[in-house]
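Input: a single structure, listed below in structure tokens.
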Amino acid sequence: MGEDPYLSSVMVVPYIQEVQKNGVAACVKHFALNNQEVDRDHINVNVSDRALYEIYLPAFKAAVQKGGAWAIMGSYNKYKGEHCCHNQYLLNDILRKEWGFDGVVVSDWGGVHDTKQAIYNGLDMEFGSWTNGLTWSASNAYDNYYLAMPFLKLLRSGEVKEEEVDKKVRNILRMIFRTTMDRNRPFGSFGTEEHALAGRKIAQEGIVLLQNNKNVLPVDLAKVKRIAVIGENAVKRMTIGGGSSSLKVKYEQSPLAGLKQRIGSQAEIIYAPGYESPAVAEQDVKGAKAPEQKVIDFQGLREEAVAAAKNADIVIFFGGLNKNEHQDCEGVDRKEYELPYNQNELISALAKANPNLVAVLITGNGVAMPWAKEVPAIVEGWYSGTEAGNAIASVLMGDVNPSGKLPFTIPVSLKGNGANVMGDYPGDGKEETYKEDIFVGYRWADKQKAKPLFSFGHGLSYTTFAYGKAEIDKTKTSADEQLTVSVKVKNTGKRSGSEVVQLYISDLKSSLPRPVKELKGFKKIQLNAGEEQKVSFTISKEELSFFDDAKHSWIAEPGMFEALVGASSTDIRSKVSFELK
């Protein structure tokens, strides 16, 4: 849910609670340290205890202790030499004992590799083990699972006690009572208009306006009479592809269709693909024969697109990634940080052809944008689901004021990414060490004093917001006390809009190295034009602590701190100091 552990921890809790209100078990995955697809089935991840507890575990802990998740899925990789689907340290020591998890632990498909570890190390349910080379059609395929006949043989011989079965059955029964056997479980619905409209609203609020020079957006139909829509992602389906992220939906509104529906006869829309991608891989369409790869005439497609751009009042380019193999696709990592299919060259050519250019990126993560200074407006549209086209159109046309913020840092290049700078990704095929340690995302950028292309927490609006001076109710506090940081925020523009006010904490001096600052609060507020609102954050010992791996505990050290309030990790508007006694 983002690069920051606090952000992910806050977002995951209501998600789980609302799902489980309906008698459906939320299954949180992948536990844990599943951060690369290369060699994911066997790579052993080496990470410090401090980075484990500060960066990679907090969202899972919140999911269990605050969200009350009923199920956890293990990850494919190894940690401490054991596969995470049957890992003593992760599943028994941390998940069960430290956090008190009483739900079901399930394996990822094919994630089990050892019967005895699966019995004793916290796994309850085994899925999809590819044992003895059997196919799904084999009648006895399930018998060969690690927790099937091999488990039964150990039970019958007395080598394994029956109580080990009882532990797993008890957890499974508990989930059954919480779900299908719950007499108060509400009736649900599927694929309704209400679902679609909720999905549209979520997409609208999540779309991020990255750049808007010369106020090219929103599109003004009083001045714009011909719109050139360029790019395959304007028409390509994004609910399919990507492996496990592939969906079967009632419909998917494309960006081009969304724009046509919104604009109607008010302006002429001309479409040109500009580039093409290979067909969806066979793995994404089961039973389908892989289509023959055709030779793509990128130059011809580019010339056609540039001609359309020259004859338009505004150009809206839809590009990015597309969930094909090596592009936001399960099982493989991306090969490069650049955009595929010669999109960078196409965007630069479009910028030369027409200065009124909007680049809408459809991606699941950051990409290089060497053309950023050539393009006045850049929008991150994400994979926005069944109502994607309508959601994007509503933002581009100004019906909805964008208010999304980036949940991760977009560096200029991979040279600005800690994992790449430290140079261990993707490991040697057996071991992978997280040498950047706790300095992930904006923490790394701050440490290196590197300017990102777009910062964590960044996102613009069609209005403007002024921040007042941050105030604190106590300049000194003890570890068992709380203090409150407040700031006034005013909408200084001409239309209503929402702002995500962010609180970061900086420990000015500590015994262990700490990030320059860390996100410890955020609130989304809606303000009418001219309206002002006071936003307050509560800071407790938890927000001031770091994990001391030598003591294996969280420590809040006495000393001076700063509370920083701003619109992104690099757009700090006000700060105030306080002391922890």
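Letters A, B, ... go to the chains of the structure tokens in the order shown; residues in each chain start at 1; ligands are counted from 1 in the same order.
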Which of stretch 108-339 of chain A DSSP labels strand (DSSP E or B), written as a PyMOL selection string: chain A and resi 125+208-212+226-230+268-272+314-320
Non-local contacts of A:Tyr504 (7 Å; only C-alpha atoms; under 3 positions in same chain excluded) as a PyMOL selection string: chain A and resi 517-521+563-565
Preceding selection exported with N, CA, C and O atoms as a PDB file, in the first residue's frame:
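For reference, again04.pdb as written:
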ATOM      1  N   LYS A 517      13.457  12.361   8.696  1.00  0.00           N
ATOM      2  CA  LYS A 517      12.078  12.524   9.184  1.00  0.00           C
ATOM      3  C   LYS A 517      11.282  11.289   8.808  1.00  0.00           C
ATOM      4  O   LYS A 517      11.652  10.546   7.902  1.00  0.00           O
ATOM      5  N   GLU A 518      10.161  11.085   9.514  1.00  0.00           N
ATOM      6  CA  GLU A 518       9.290   9.946   9.256  1.00  0.00           C
ATOM      7  C   GLU A 518       7.837  10.380   9.356  1.00  0.00           C
ATOM      8  O   GLU A 518       7.462  11.125  10.265  1.00  0.00           O
ATOM      9  N   LEU A 519       7.025   9.889   8.425  1.00  0.00           N
ATOM     10  CA  LEU A 519       5.594  10.181   8.463  1.00  0.00           C
ATOM     11  C   LEU A 519       4.980   9.579   9.714  1.00  0.00           C
ATOM     12  O   LEU A 519       5.166   8.396  10.005  1.00  0.00           O
ATOM     13  N   LYS A 520       4.225  10.408  10.466  1.00  0.00           N
ATOM     14  CA  LYS A 520       3.571   9.925  11.677  1.00  0.00           C
ATOM     15  C   LYS A 520       2.121  10.395  11.801  1.00  0.00           C
ATOM     16  O   LYS A 520       1.495  10.211  12.839  1.00  0.00           O
ATOM     17  N   GLY A 521       1.611  10.990  10.733  1.00  0.00           N
ATOM     18  CA  GLY A 521       0.211  11.403  10.745  1.00  0.00           C
ATOM     19  C   GLY A 521      -0.183  12.001   9.405  1.00  0.00           C
ATOM     20  O   GLY A 521       0.654  12.590   8.716  1.00  0.00           O
ATOM     21  N   ALA A 563       8.391  18.569  14.942  1.00  0.00           N
ATOM     22  CA  ALA A 563       7.193  18.159  14.214  1.00  0.00           C
ATOM     23  C   ALA A 563       7.117  19.018  12.964  1.00  0.00           C
ATOM     24  O   ALA A 563       7.134  20.246  13.052  1.00  0.00           O
ATOM     25  N   LEU A 564       7.065  18.368  11.810  1.00  0.00           N
ATOM     26  CA  LEU A 564       7.041  19.081  10.537  1.00  0.00           C
ATOM     27  C   LEU A 564       5.717  18.822   9.834  1.00  0.00           C
ATOM     28  O   LEU A 564       5.297  17.664   9.688  1.00  0.00           O
ATOM     29  N   VAL A 565       5.050  19.883   9.405  1.00  0.00           N
ATOM     30  CA  VAL A 565       3.748  19.765   8.752  1.00  0.00           C
ATOM     31  C   VAL A 565       3.869  20.263   7.319  1.00  0.00           C
ATOM     32  O   VAL A 565       4.477  21.313   7.071  1.00  0.00           O
TER      33      VAL A 565
END
Can you check which parts of stretch 204-239 of chain A lie within 10 Å of stretch 344-367 of chain A? Per residue, the shortest pair of atoms and distance in Å to one decimal, counting only C-alpha atoms, sorted by chain and number, as CSV.
residue,atom,partner,partner_atom,distance
A:Val208,CA,A:Val360,CA,9.8
A:Leu209,CA,A:Val360,CA,9.3
A:Leu210,CA,A:Val360,CA,9.7
A:Gln211,CA,A:Val358,CA,9.3
A:Asn212,CA,A:Val358,CA,8.6
A:Asn213,CA,A:Asn356,CA,9.9
A:Lys214,CA,A:Asn356,CA,9.0
A:Asn215,CA,A:Asn356,CA,9.8
A:Val216,CA,A:Asn356,CA,6.6
A:Leu217,CA,A:Val358,CA,8.0
A:Val219,CA,A:Val358,CA,9.8
A:Ala228,CA,A:Leu357,CA,9.5
A:Val229,CA,A:Val358,CA,9.6
A:Ile230,CA,A:Leu350,CA,9.1
A:Gly231,CA,A:Leu346,CA,9.3
A:Asn233,CA,A:Ile362,CA,7.1
A:Ala234,CA,A:Ile362,CA,9.1
A:Met238,CA,A:Ile362,CA,8.8
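Rounded to one decimal, atom CA of A:Phe454 and atom CA of A:Val516 lie 18.0 Å from each other.
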Residues near A:Asp4, cut-off 12 Å, only C-alpha atoms, skip fewer than 2 positions along chain, as a VMD selection string: chain A and resid 1 to 2 6 to 11 54 to 59 406 to 409 438 to 444 456 to 457 504 517 to 521 569
Selection from above, N, CA and C atoms, as a compact mmCIF listing (two decimals), in the first residue's frame, can you write it?
# COMPACT_ATOMS: atom_id res chain seq x y z
N MET A 1 0.82 -1.21 0.00
CA MET A 1 0.00 0.00 0.00
C MET A 1 0.86 1.26 0.00
N GLY A 2 2.16 1.11 -0.21
CA GLY A 2 3.04 2.27 -0.25
C GLY A 2 4.38 1.95 0.36
N TYR A 6 4.11 3.53 8.18
CA TYR A 6 3.00 4.17 8.89
C TYR A 6 1.79 4.30 7.95
N LEU A 7 2.03 4.76 6.74
CA LEU A 7 0.95 4.91 5.76
C LEU A 7 0.22 3.58 5.56
N SER A 8 0.99 2.53 5.30
CA SER A 8 0.38 1.21 5.07
C SER A 8 -0.38 0.72 6.29
N SER A 9 0.17 0.98 7.46
CA SER A 9 -0.48 0.53 8.70
C SER A 9 -1.83 1.21 8.92
N VAL A 10 -1.90 2.50 8.59
CA VAL A 10 -3.15 3.23 8.77
C VAL A 10 -4.18 2.81 7.72
N MET A 11 -3.73 2.59 6.49
CA MET A 11 -4.65 2.25 5.40
C MET A 11 -5.24 0.85 5.53
N GLU A 54 10.96 -1.99 11.74
CA GLU A 54 10.58 -0.60 11.46
C GLU A 54 9.93 -0.43 10.09
N ILE A 55 10.36 -1.21 9.09
CA ILE A 55 9.90 -1.00 7.71
C ILE A 55 8.92 -2.09 7.25
N TYR A 56 9.25 -3.35 7.47
CA TYR A 56 8.55 -4.43 6.78
C TYR A 56 7.47 -5.13 7.60
N LEU A 57 7.43 -4.95 8.93
CA LEU A 57 6.42 -5.62 9.74
C LEU A 57 5.26 -4.73 10.21
N PRO A 58 5.43 -3.40 10.33
CA PRO A 58 4.37 -2.61 10.95
C PRO A 58 2.98 -2.77 10.33
N ALA A 59 2.88 -2.83 9.00
CA ALA A 59 1.55 -2.95 8.39
C ALA A 59 0.91 -4.29 8.71
N LEU A 406 0.97 10.77 -3.80
CA LEU A 406 1.81 9.62 -4.10
C LEU A 406 2.13 8.81 -2.85
N PRO A 407 1.90 7.49 -2.88
CA PRO A 407 2.26 6.65 -1.73
C PRO A 407 3.70 6.16 -1.79
N PHE A 408 4.45 6.63 -2.78
CA PHE A 408 5.86 6.28 -2.88
C PHE A 408 6.62 7.40 -3.58
N THR A 409 7.93 7.36 -3.47
CA THR A 409 8.81 8.33 -4.11
C THR A 409 9.07 7.91 -5.55
N ILE A 438 17.07 0.62 6.80
CA ILE A 438 15.83 1.34 7.08
C ILE A 438 15.62 2.51 6.12
N PHE A 439 16.60 2.78 5.27
CA PHE A 439 16.52 3.98 4.42
C PHE A 439 15.87 3.64 3.09
N VAL A 440 14.55 3.51 3.15
CA VAL A 440 13.73 3.14 2.00
C VAL A 440 12.94 4.35 1.53
N GLY A 441 12.83 4.54 0.22
CA GLY A 441 11.99 5.60 -0.33
C GLY A 441 12.48 6.99 0.04
N TYR A 442 11.56 7.80 0.60
CA TYR A 442 11.93 9.17 0.94
C TYR A 442 12.98 9.22 2.04
N ARG A 443 13.05 8.18 2.86
CA ARG A 443 14.10 8.13 3.89
C ARG A 443 15.49 8.11 3.23
N TRP A 444 15.60 7.38 2.12
CA TRP A 444 16.88 7.34 1.40
C TRP A 444 17.15 8.69 0.73
N PHE A 456 7.39 11.54 -2.27
CA PHE A 456 6.39 10.84 -1.47
C PHE A 456 5.40 11.87 -0.90
N GLY A 457 4.11 11.58 -1.02
CA GLY A 457 3.10 12.49 -0.49
C GLY A 457 2.73 13.61 -1.43
N TYR A 504 5.26 14.92 9.85
CA TYR A 504 6.49 14.15 9.93
C TYR A 504 7.19 14.49 11.25
N LYS A 517 13.46 12.36 8.70
CA LYS A 517 12.08 12.52 9.18
C LYS A 517 11.28 11.29 8.81
N GLU A 518 10.16 11.08 9.51
CA GLU A 518 9.29 9.95 9.26
C GLU A 518 7.84 10.38 9.36
N LEU A 519 7.03 9.89 8.43
CA LEU A 519 5.59 10.18 8.46
C LEU A 519 4.98 9.58 9.71
N LYS A 520 4.23 10.41 10.47
CA LYS A 520 3.57 9.92 11.68
C LYS A 520 2.12 10.39 11.80
N GLY A 521 1.61 10.99 10.73
CA GLY A 521 0.21 11.40 10.74
C GLY A 521 -0.18 12.00 9.41
N SER A 569 6.59 15.09 1.41
CA SER A 569 7.82 14.89 2.18
C SER A 569 8.86 15.97 1.88
Residue nearest A:Lys248 among A:Asp571, A:Lys21, A:His458, A:Gly191 (counting only C-alpha atoms):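 Checking each candidate against A:Lys248, we get A:Gly191 as the closest.
The spacing separating atom CA of A:Ile43 from atom CA of A:Leu90 amounts to 16.0 Å.
When the distance limit is 8 Å and only C-alpha atoms are what count, the residues near stretch 249-259 of chain A, minus those fewer than 4 positions from it on the same chain, are Gly191, Val229, Asn233, Ala234, Val235, Lys236, Arg237, Thr239, Ile263, Gly385, Thr386, Glu387, Ala388, Gly389, Asn390, Ala391, Ile392 and Ala393 of chain A.
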Stretch 238-433 of chain A: residues DSSP assigns to alpha helix (DSSP H), reported as a compact mmCIF listing (two decimals) with N, CA, C and O atoms, in the first residue's frame:
# COMPACT_ATOMS: atom_id res chain seq x y z
N PRO A 255 -10.28 4.90 -20.95
CA PRO A 255 -10.16 6.36 -20.91
C PRO A 255 -10.74 7.04 -22.14
O PRO A 255 -11.38 8.10 -22.03
N LEU A 256 -10.52 6.47 -23.33
CA LEU A 256 -11.08 7.07 -24.55
C LEU A 256 -12.60 7.08 -24.51
O LEU A 256 -13.24 8.09 -24.81
N ALA A 257 -13.19 5.95 -24.10
CA ALA A 257 -14.65 5.88 -23.99
C ALA A 257 -15.16 6.85 -22.94
O ALA A 257 -16.21 7.49 -23.12
N GLY A 258 -14.44 6.96 -21.83
CA GLY A 258 -14.85 7.89 -20.77
C GLY A 258 -14.84 9.33 -21.24
O GLY A 258 -15.76 10.11 -20.93
N LEU A 259 -13.81 9.71 -21.99
CA LEU A 259 -13.74 11.08 -22.52
C LEU A 259 -14.85 11.34 -23.53
O LEU A 259 -15.49 12.40 -23.52
N LYS A 260 -15.10 10.38 -24.41
CA LYS A 260 -16.17 10.55 -25.41
C LYS A 260 -17.53 10.69 -24.75
O LYS A 260 -18.36 11.53 -25.15
N GLN A 261 -17.75 9.89 -23.72
CA GLN A 261 -19.04 9.97 -23.02
C GLN A 261 -19.19 11.30 -22.30
O GLN A 261 -20.27 11.90 -22.32
N ARG A 262 -18.12 11.79 -21.69
CA ARG A 262 -18.18 13.04 -20.94
C ARG A 262 -18.30 14.25 -21.87
O ARG A 262 -19.07 15.19 -21.59
N ILE A 263 -17.58 14.25 -22.98
CA ILE A 263 -17.51 15.43 -23.84
C ILE A 263 -18.66 15.48 -24.84
O ILE A 263 -19.17 16.57 -25.16
N PHE A 298 6.87 1.24 -35.20
CA PHE A 298 6.81 2.34 -34.25
C PHE A 298 6.94 3.70 -34.93
O PHE A 298 6.27 4.66 -34.54
N GLN A 299 7.78 3.78 -35.95
CA GLN A 299 7.96 5.07 -36.62
C GLN A 299 6.69 5.52 -37.32
O GLN A 299 6.29 6.68 -37.24
N GLY A 300 6.03 4.58 -38.00
CA GLY A 300 4.78 4.93 -38.69
C GLY A 300 3.69 5.33 -37.71
O GLY A 300 2.96 6.30 -37.94
N LEU A 301 3.59 4.61 -36.60
CA LEU A 301 2.59 4.95 -35.59
C LEU A 301 2.87 6.32 -34.98
O LEU A 301 1.95 7.10 -34.72
N ARG A 302 4.17 6.63 -34.78
CA ARG A 302 4.54 7.91 -34.21
C ARG A 302 4.19 9.06 -35.16
O ARG A 302 3.66 10.10 -34.75
N GLU A 303 4.48 8.88 -36.43
CA GLU A 303 4.18 9.93 -37.42
C GLU A 303 2.69 10.22 -37.48
O GLU A 303 2.27 11.38 -37.57
N GLU A 304 1.89 9.16 -37.43
CA GLU A 304 0.43 9.33 -37.44
C GLU A 304 -0.04 10.10 -36.21
O GLU A 304 -0.89 11.01 -36.30
N ALA A 305 0.54 9.78 -35.05
CA ALA A 305 0.17 10.45 -33.80
C ALA A 305 0.58 11.92 -33.81
O ALA A 305 -0.18 12.80 -33.37
N VAL A 306 1.78 12.20 -34.29
CA VAL A 306 2.27 13.59 -34.35
C VAL A 306 1.41 14.42 -35.29
O VAL A 306 1.09 15.58 -34.99
N ALA A 307 0.99 13.84 -36.40
CA ALA A 307 0.11 14.56 -37.33
C ALA A 307 -1.21 14.92 -36.65
O ALA A 307 -1.74 16.03 -36.82
N ALA A 308 -1.76 13.98 -35.88
CA ALA A 308 -3.00 14.25 -35.15
C ALA A 308 -2.80 15.33 -34.11
O ALA A 308 -3.66 16.20 -33.90
N ALA A 309 -1.64 15.31 -33.44
CA ALA A 309 -1.34 16.30 -32.40
C ALA A 309 -1.24 17.71 -32.96
O ALA A 309 -1.68 18.68 -32.34
N LYS A 310 -0.66 17.85 -34.15
CA LYS A 310 -0.49 19.17 -34.76
C LYS A 310 -1.82 19.83 -35.08
O LYS A 310 -1.93 21.06 -35.10
N GLN A 343 7.92 4.78 -25.90
CA GLN A 343 7.00 5.85 -25.47
C GLN A 343 7.73 7.16 -25.19
O GLN A 343 7.16 8.24 -25.43
N ASN A 344 8.95 7.10 -24.66
CA ASN A 344 9.66 8.34 -24.35
C ASN A 344 9.88 9.18 -25.61
O ASN A 344 9.67 10.40 -25.61
N GLU A 345 10.29 8.53 -26.70
CA GLU A 345 10.50 9.23 -27.96
C GLU A 345 9.19 9.80 -28.49
O GLU A 345 9.15 10.93 -29.01
N LEU A 346 8.11 9.03 -28.34
CA LEU A 346 6.81 9.48 -28.80
C LEU A 346 6.35 10.72 -28.03
O LEU A 346 5.87 11.70 -28.62
N ILE A 347 6.50 10.69 -26.70
CA ILE A 347 6.06 11.82 -25.88
C ILE A 347 6.84 13.09 -26.25
O ILE A 347 6.25 14.18 -26.38
N SER A 348 8.14 12.97 -26.44
CA SER A 348 8.95 14.13 -26.83
C SER A 348 8.51 14.68 -28.18
O SER A 348 8.44 15.91 -28.38
N ALA A 349 8.19 13.79 -29.11
CA ALA A 349 7.72 14.23 -30.43
C ALA A 349 6.37 14.94 -30.32
O ALA A 349 6.13 15.95 -31.00
N LEU A 350 5.50 14.44 -29.46
CA LEU A 350 4.19 15.07 -29.27
C LEU A 350 4.35 16.45 -28.63
O LEU A 350 3.64 17.41 -28.99
N ALA A 351 5.30 16.58 -27.70
CA ALA A 351 5.53 17.87 -27.04
C ALA A 351 6.02 18.92 -28.02
O ALA A 351 5.67 20.10 -27.91
N LYS A 352 6.82 18.50 -28.99
CA LYS A 352 7.29 19.43 -30.02
C LYS A 352 6.16 19.81 -30.97
O LYS A 352 6.12 20.93 -31.50
N ALA A 353 5.26 18.88 -31.20
CA ALA A 353 4.15 19.12 -32.14
C ALA A 353 3.07 20.00 -31.54
O ALA A 353 2.39 20.75 -32.27
N ALA A 388 -12.55 3.08 -14.68
CA ALA A 388 -11.33 3.86 -14.89
C ALA A 388 -11.54 5.04 -15.84
O ALA A 388 -11.16 6.17 -15.55
N GLY A 389 -12.15 4.78 -16.98
CA GLY A 389 -12.33 5.83 -17.99
C GLY A 389 -13.15 6.99 -17.50
O GLY A 389 -12.83 8.16 -17.75
N ASN A 390 -14.23 6.69 -16.79
CA ASN A 390 -15.09 7.77 -16.27
C ASN A 390 -14.37 8.55 -15.18
O ASN A 390 -14.51 9.77 -15.08
N ALA A 391 -13.62 7.84 -14.33
CA ALA A 391 -12.90 8.51 -13.25
C ALA A 391 -11.84 9.45 -13.81
O ALA A 391 -11.73 10.62 -13.39
N ILE A 392 -11.06 8.98 -14.77
CA ILE A 392 -10.00 9.81 -15.35
C ILE A 392 -10.59 11.00 -16.09
O ILE A 392 -10.11 12.13 -15.97
N ALA A 393 -11.65 10.75 -16.85
CA ALA A 393 -12.28 11.85 -17.59
C ALA A 393 -12.80 12.93 -16.65
O ALA A 393 -12.68 14.13 -16.92
N SER A 394 -13.37 12.52 -15.52
CA SER A 394 -13.94 13.50 -14.59
C SER A 394 -12.87 14.41 -14.00
O SER A 394 -13.11 15.58 -13.71
N VAL A 395 -11.65 13.85 -13.82
CA VAL A 395 -10.54 14.65 -13.30
C VAL A 395 -9.98 15.56 -14.39
O VAL A 395 -9.74 16.75 -14.17
N LEU A 396 -9.78 15.02 -15.59
CA LEU A 396 -9.22 15.83 -16.68
C LEU A 396 -10.14 16.98 -17.05
O LEU A 396 -9.67 18.07 -17.40
N GLY A 418 17.59 3.60 -3.22
CA GLY A 418 18.53 3.01 -2.29
C GLY A 418 18.91 1.58 -2.61
O GLY A 418 20.09 1.20 -2.56
N ALA A 419 17.93 0.75 -2.96
CA ALA A 419 18.21 -0.66 -3.24
C ALA A 419 19.14 -0.81 -4.44
O ALA A 419 19.97 -1.72 -4.49
N ASN A 420 19.00 0.10 -5.42
CA ASN A 420 19.86 0.03 -6.59
C ASN A 420 21.23 0.62 -6.33
O ASN A 420 22.25 0.10 -6.80
N VAL A 421 21.28 1.70 -5.55
CA VAL A 421 22.55 2.32 -5.23
C VAL A 421 23.43 1.36 -4.43
O VAL A 421 24.64 1.24 -4.66
N MET A 422 22.83 0.68 -3.47
CA MET A 422 23.60 -0.24 -2.63
C MET A 422 24.01 -1.49 -3.40
O MET A 422 24.92 -2.20 -3.01
Stretch 171-183 of chain A surroundings by only C-alpha atoms, 9 Å radius, close-in-sequence under 3 positions cut, as a VMD selection string: chain A and resid 20 22 to 25 70 to 71 102 to 105 124 to 125 166 to 168 186
